[in-house]
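First the structure, in the form of structure tokens, and then the observations on it.
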Amino acid sequence: MKSTLAALLLAASSIVAHADTPPQAPLEPIDSLDLGRYKGTWYEIAKFSDWTERHCAADTSTELSGSDPLNLSIVIRCVDDDGGPIEKTGVLRQLGNRDSAILEKSYAPTWLSLVPASWSDYWVIDIDAGYTLAAVSEAGRGHLWILSRTRKIDPQTYARLLQRLQKQGFDTDKLVATQQD
């Protein structure tokens, strides 16, 4: 009886504690994405820890290529703890109109691409005017990648991006820097 009462009190206090927290606004992608300019090589600067890249120790990059916005190639490259190469190839497709920043990615075999669960969100949520620094996430804010056209970025530029991401509801303290040699 005591343990049941304690569990109920704990649950009630949790609800009360979260009642003061205003609901988070839905995450929005950028207004317009020029896919032609976005394609190419991006270097991962930082990310929320992600099980899909758990074997990547350093030098993570993403290469986007192709001309069909419904069937772009996405290749993730990195090195493992022993310095060995890892490569993961998938498909990236644009949803909506031709300047939509809402995309989906899949690393599943082609025959599984008809299964909705094989696709995950790839939303471009921040990008600079020169298409040299970007942030990618998904609707629930559970994943975040900071990508750059170069292996290193200016610390002040990075700090400004972090401030914009915080305004969008991201806990940037959870970001893990990616070693780029």
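Naming scheme: A, B, ... for chains in displayed order of the structure tokens; residues 1 onward per chain; ligands 1 onward as shown.
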
Exercise. Show which residues sit within 6 Å of stretch 147-159 of chain A, as a list of chain:residue names. Count only C-alpha atoms, and ignore same-chain residues fewer than 4 positions away.
Key: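 Surrounding residues, per the criterion: A:Trp42, A:Tyr43, A:Glu44, A:Ile45, A:Thr132, A:Leu133, A:Ala134, A:Gln180.
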
Would you mind exporting C-alpha atoms of the selected residues as a compact mmCIF listing (two decimals), in the first residue's frame?
# COMPACT_ATOMS: atom_id res chain seq x y z
CA TRP A 42 29.31 17.99 -45.53
CA TYR A 43 31.53 17.37 -42.49
CA GLU A 44 29.91 16.57 -39.18
CA ILE A 45 30.95 19.14 -36.57
CA THR A 132 28.42 26.32 -45.76
CA LEU A 133 26.93 25.58 -42.31
CA ALA A 134 23.72 23.67 -41.62
CA GLN A 180 37.81 15.97 -37.66

Quiz item: Could you write out, as JSON, numbers by chain, all the residues of chain A that DSSP marks as alpha helix (DSSP H)?
Solution: {"A": [2, 3, 4, 5, 6, 7, 8, 9, 10, 11, 12, 13, 14, 15, 16, 17, 18, 19, 35, 36, 37, 38, 155, 156, 157, 158, 159, 160, 161, 162, 163, 164, 165, 166, 167]}

Quiz item: Residues at most 10 Å from stretch 110-125 of chain A, counting only C-alpha atoms, excluding those fewer than 2 positions away in the same chain, as an NGL selection string?
Solution: :A and (27-33 or 38 or 90-94 or 100-108 or 127 or 134-140 or 143-145 or 164-165 or 168)

Quiz item: Between atom CA of A:Pro85 and atom CA of A:Gly36, what is the distance, to one decimal in Å?
Solution: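 Computing the Euclidean distance for atom CA of A:Pro85 and atom CA of A:Gly36 yields 27.7 Å.
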
Quiz item: What are the DSSP strand (DSSP E) residues of stretch 41-176 of chain A, as a PyMOL selection string?
Solution: chain A and resi 41-48+58-65+72-79+85-94+102-106+120-127+133-137+144-148+175-176

Practice problem: Find the spatial neighbours of A:Ser65, counting only C-alpha atoms, within a cut-off of 9 Å - ignore same-chain residues fewer than 2 positions away - and output them as a list in words. | Solution: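 These residues fall inside the cut-off: Lys39, Gly40, Thr41, Glu63, Ser67, Leu72, Ser73, Ile74 and Val75 of chain A.
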
Quiz item: Given the choices A:Asp59, A:Asp126, A:Asp50, A:Asp173, which gets closest to A:Ile86 if the distance is worked out from only C-alpha atoms?
Solution: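 Using only C-alpha atoms, the shortest distance to A:Ile86 belongs to A:Asp59.
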
Quiz item: Suppose you want the space between atom CA of A:Cys56 and atom CA of A:Thr89; what is it in Å?
Solution: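 That distance, rounded to one decimal, is 14.4 Å.
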
Exercise. Record the distance separating atom CA of A:Asp81 and atom CA of A:Ala177, expressed in Å with one decimal.
Key: 15.4 Å
